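Some notes on the structure that comes next.
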Amino acid sequence: MRDKELLLQYNLQWFAKEGPGGEKTEPATQKKLDDARKEGQVAKSKEISTAVTLFTLFLTLKIFAGLMGRQFIENFNFVYSQIADFTTLTDGIISVHDFCVLLNTVILRIILILLPVMGIGLVAGFIIEIVQVKWKPTSKPLKPKGSKLNPLKGVKRIFSKTKLVELLKSLLKLAMIGYVVYSTLVDQVSTLFLLYDMKLITAIQTFGNMAINLGLKISAFYAIIGIGDYAYQKWKFKEDMKMTKQEVKDEWKNAEGDPEIKGKQKQRMREASRRRMMSAIPQADVVITNPTHFAVALKYDPDRFDAPYVLAKGEDFLAMRIREEAYAHDIEVVENKPLARMLYYNVDLGAQIPQELYATVAEILAVIYNKRNLA
């Protein structure tokens, strides 16, 4: 009993990881990177931006804490002194209008105190963003996209690898901040108990220094996470931007033009050039042949060149066409194998013949001109 062979028809694309075109193994081209940049897709870490901004804020607070403290005390004294002016003499109650005026004044003075610190933080955040992705703003990420409203894609994004990494980062940040806060408070627990025995100003200064130092420690640990996240984002962006071999080929076609189309264009240009060359043969003085392999049409025009020049040339089938065209227009056809080969291989179309061929060609043209004169 013969064994039966089971033939299965299969498509190799079933085994490709990234669908049509195969697996994405090729580095992204510059065009794809530029297009991604226009769409706002860049490799950057929000963690490192947050770390630098926080560190700048707390460092600024540490440097200017004394000055800001004095400004807050002056602001408190100002508010306290204004209460008496806004209070009525009869019942000692401030009106709603006067309270709003006083509150607006207090808020404005507080904003002026905090404005330099907040401004420095914003500048630091802006600079770190420029350092990461350079300056090239785009509004495309702000445009609404219908794909973002697709609930199925939304569910996929929730359970994607990216979201899992973000969850792990959040847990790591919580653990890190908890450890830093706990270790700092354990070291300062004795100082915290002494706050009850300190004067108010001294207690505020002590607590403020503890809070700022804690913020600087958190920012430093946050920066470590940010550096690691930045390296991960660079790697992830590079992987996401990879292309399949087919995508690279298609992009090259779009940029350089389809080779088949370009080939057809070159073919049409050659045919047009050949037609122009063949139409010029009736103006030739002589056609030098091999006799069958090569044919070169020469013309002497003293108004154009000092020496004869090549009007047309060809080999094999084109050489036959040149001879036929010459016979049809009574152009003299002269067989000279060495001269035909030398002219075909060494003189371009429309170029003058070299000086070493002057004598040979002059003899041929002289014989032709004499025949014409006799005729």
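Just so we're on the same page: first chain in the structure tokens is A, next is B, and so on; residues restart at 1 for each chain, and ligands are numbered from 1 in the order they show up.
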
Within 10 Å of segment 310-325 of chain A using only C-alpha atoms, minus same-chain residues under 3 positions, as number ranges by chain
A: 274, 276-300, 328-333, 340-341, 343-345, 347-353

Using the selection just defined, write its residues with C-alpha atoms as a PDB file, in the first residue's frame.
```pdb
ATOM      1  CA  ARG A 274      17.583  57.891 -31.162  1.00  0.00           C
ATOM      2  CA  ARG A 276      16.467  62.800 -33.154  1.00  0.00           C
ATOM      3  CA  MET A 277      19.729  61.143 -34.217  1.00  0.00           C
ATOM      4  CA  MET A 278      18.085  59.246 -37.061  1.00  0.00           C
ATOM      5  CA  SER A 279      16.288  62.368 -38.278  1.00  0.00           C
ATOM      6  CA  ALA A 280      19.681  64.143 -38.533  1.00  0.00           C
ATOM      7  CA  ILE A 281      21.280  61.497 -40.815  1.00  0.00           C
ATOM      8  CA  PRO A 282      20.054  63.166 -44.051  1.00  0.00           C
ATOM      9  CA  GLN A 283      22.364  66.089 -43.151  1.00  0.00           C
ATOM     10  CA  ALA A 284      25.460  63.832 -42.953  1.00  0.00           C
ATOM     11  CA  ASP A 285      28.294  64.017 -45.476  1.00  0.00           C
ATOM     12  CA  VAL A 286      29.399  60.398 -45.088  1.00  0.00           C
ATOM     13  CA  VAL A 287      28.687  57.199 -43.121  1.00  0.00           C
ATOM     14  CA  ILE A 288      31.725  55.151 -42.076  1.00  0.00           C
ATOM     15  CA  THR A 289      30.936  51.425 -41.592  1.00  0.00           C
ATOM     16  CA  ASN A 290      32.612  48.253 -40.234  1.00  0.00           C
ATOM     17  CA  PRO A 291      30.744  47.232 -42.531  1.00  0.00           C
ATOM     18  CA  THR A 292      28.034  45.389 -40.531  1.00  0.00           C
ATOM     19  CA  HIS A 293      28.772  45.915 -36.827  1.00  0.00           C
ATOM     20  CA  PHE A 294      29.339  49.689 -36.667  1.00  0.00           C
ATOM     21  CA  ALA A 295      28.145  52.753 -38.508  1.00  0.00           C
ATOM     22  CA  VAL A 296      29.147  56.371 -37.816  1.00  0.00           C
ATOM     23  CA  ALA A 297      27.656  59.350 -39.649  1.00  0.00           C
ATOM     24  CA  LEU A 298      29.990  62.376 -40.016  1.00  0.00           C
ATOM     25  CA  LYS A 299      29.326  65.961 -41.041  1.00  0.00           C
ATOM     26  CA  TYR A 300      31.643  68.868 -41.660  1.00  0.00           C
ATOM     27  CA  ALA A 328      17.544  56.304 -48.716  1.00  0.00           C
ATOM     28  CA  HIS A 329      18.960  59.862 -48.818  1.00  0.00           C
ATOM     29  CA  ASP A 330      21.905  59.167 -51.152  1.00  0.00           C
ATOM     30  CA  ILE A 331      24.489  59.612 -48.408  1.00  0.00           C
ATOM     31  CA  GLU A 332      27.854  58.081 -49.291  1.00  0.00           C
ATOM     32  CA  VAL A 333      28.603  54.918 -47.262  1.00  0.00           C
ATOM     33  CA  ALA A 340      34.609  52.981 -37.847  1.00  0.00           C
ATOM     34  CA  ARG A 341      35.673  51.206 -34.644  1.00  0.00           C
ATOM     35  CA  LEU A 343      35.064  56.672 -34.126  1.00  0.00           C
ATOM     36  CA  TYR A 344      32.401  54.547 -32.422  1.00  0.00           C
ATOM     37  CA  TYR A 345      34.366  53.849 -29.231  1.00  0.00           C
ATOM     38  CA  VAL A 347      34.081  59.973 -30.113  1.00  0.00           C
ATOM     39  CA  ASP A 348      30.829  60.932 -28.397  1.00  0.00           C
ATOM     40  CA  LEU A 349      27.688  61.865 -30.261  1.00  0.00           C
ATOM     41  CA  GLY A 350      27.920  65.501 -31.359  1.00  0.00           C
ATOM     42  CA  ALA A 351      31.677  65.706 -30.628  1.00  0.00           C
ATOM     43  CA  GLN A 352      34.478  66.575 -33.063  1.00  0.00           C
ATOM     44  CA  ILE A 353      36.774  63.868 -34.314  1.00  0.00           C
TER      45      ILE A 353
END
```

If we count only C-alpha atoms and set the cut-off at 9 Å, which residues sit around segment 24-36 of chain A, ignoring sequence neighbours fewer than 5 positions away in its own chain? Please answer as number ranges by chain.
A: 17-18, 41-42, 238-245, 247-248, 251

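Distance check against Ile224 of chain A using only C-alpha atoms: of A:Gln205, A:Lys337, A:Leu164, A:Glu47, the minimum falls on A:Glu47.
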
So that I can see what lies close to segment 100-117 of chain A, please list as a ChimeraX atom specification the residues with an atom at most 8 Å from it, counting only C-alpha atoms and leaving out residues fewer than 4 positions away in the same chain.
/A:57,60-61,68,71-72,75,79,82,96,121

Need the shell around segment 227-234 of chain A: protein/DNA/RNA residues with any atom at most 10 Å away, counting only C-alpha atoms. Skip same-chain ones fewer than 5 positions apart. Format as an NGL selection string?
:A and (42-49 or 51 or 132 or 165-166 or 169 or 222 or 239-240)

Store the residues picked out above, limited to N, CA and C atoms, as an mmCIF file, in the first residue's frame.
```cif
data_model
loop_
_atom_site.group_PDB
_atom_site.id
_atom_site.type_symbol
_atom_site.label_atom_id
_atom_site.label_comp_id
_atom_site.auth_asym_id
_atom_site.auth_seq_id
_atom_site.Cartn_x
_atom_site.Cartn_y
_atom_site.Cartn_z
ATOM 1 N N VAL A 42 8.696 61.237 20.007
ATOM 2 C CA VAL A 42 10.111 61.391 20.326
ATOM 3 C C VAL A 42 10.442 60.551 21.555
ATOM 4 N N ALA A 43 11.718 60.309 21.734
ATOM 5 C CA ALA A 43 12.167 59.541 22.900
ATOM 6 C C ALA A 43 12.498 60.514 24.021
ATOM 7 N N LYS A 44 11.625 60.564 25.019
ATOM 8 C CA LYS A 44 11.886 61.434 26.162
ATOM 9 C C LYS A 44 11.295 60.805 27.419
ATOM 10 N N SER A 45 11.829 61.222 28.556
ATOM 11 C CA SER A 45 11.387 60.684 29.844
ATOM 12 C C SER A 45 10.743 61.787 30.673
ATOM 13 N N LYS A 46 9.489 61.578 31.037
ATOM 14 C CA LYS A 46 8.817 62.531 31.934
ATOM 15 C C LYS A 46 9.412 62.472 33.332
ATOM 16 N N GLU A 47 9.979 61.317 33.675
ATOM 17 C CA GLU A 47 10.539 61.153 35.019
ATOM 18 C C GLU A 47 11.749 62.049 35.223
ATOM 19 N N ILE A 48 12.635 62.091 34.228
ATOM 20 C CA ILE A 48 13.834 62.906 34.381
ATOM 21 C C ILE A 48 13.486 64.392 34.351
ATOM 22 N N SER A 49 12.448 64.764 33.589
ATOM 23 C CA SER A 49 11.994 66.161 33.581
ATOM 24 C C SER A 49 11.444 66.544 34.951
ATOM 25 N N ALA A 51 12.198 65.111 37.810
ATOM 26 C CA ALA A 51 13.298 65.094 38.777
ATOM 27 C C ALA A 51 14.081 66.399 38.732
ATOM 28 N N GLN A 132 16.422 67.019 25.893
ATOM 29 C CA GLN A 132 16.023 65.663 25.516
ATOM 30 C C GLN A 132 15.620 65.551 24.049
ATOM 31 N N VAL A 165 4.944 48.542 32.209
ATOM 32 C CA VAL A 165 6.187 49.213 32.598
ATOM 33 C C VAL A 165 5.884 50.464 33.406
ATOM 34 N N GLU A 166 4.856 51.224 32.994
ATOM 35 C CA GLU A 166 4.473 52.428 33.735
ATOM 36 C C GLU A 166 4.016 52.078 35.150
ATOM 37 N N LYS A 169 7.047 51.321 37.211
ATOM 38 C CA LYS A 169 7.736 52.571 37.560
ATOM 39 C C LYS A 169 7.008 53.283 38.699
ATOM 40 N N TYR A 222 14.765 60.361 42.568
ATOM 41 C CA TYR A 222 13.890 60.454 41.398
ATOM 42 C C TYR A 222 14.724 60.581 40.120
ATOM 43 N N GLU A 239 13.266 50.691 19.014
ATOM 44 C CA GLU A 239 12.618 49.445 18.638
ATOM 45 C C GLU A 239 11.292 49.697 17.925
ATOM 46 N N ASP A 240 10.514 50.667 18.440
ATOM 47 C CA ASP A 240 9.213 50.966 17.831
ATOM 48 C C ASP A 240 9.357 51.528 16.415
#
```
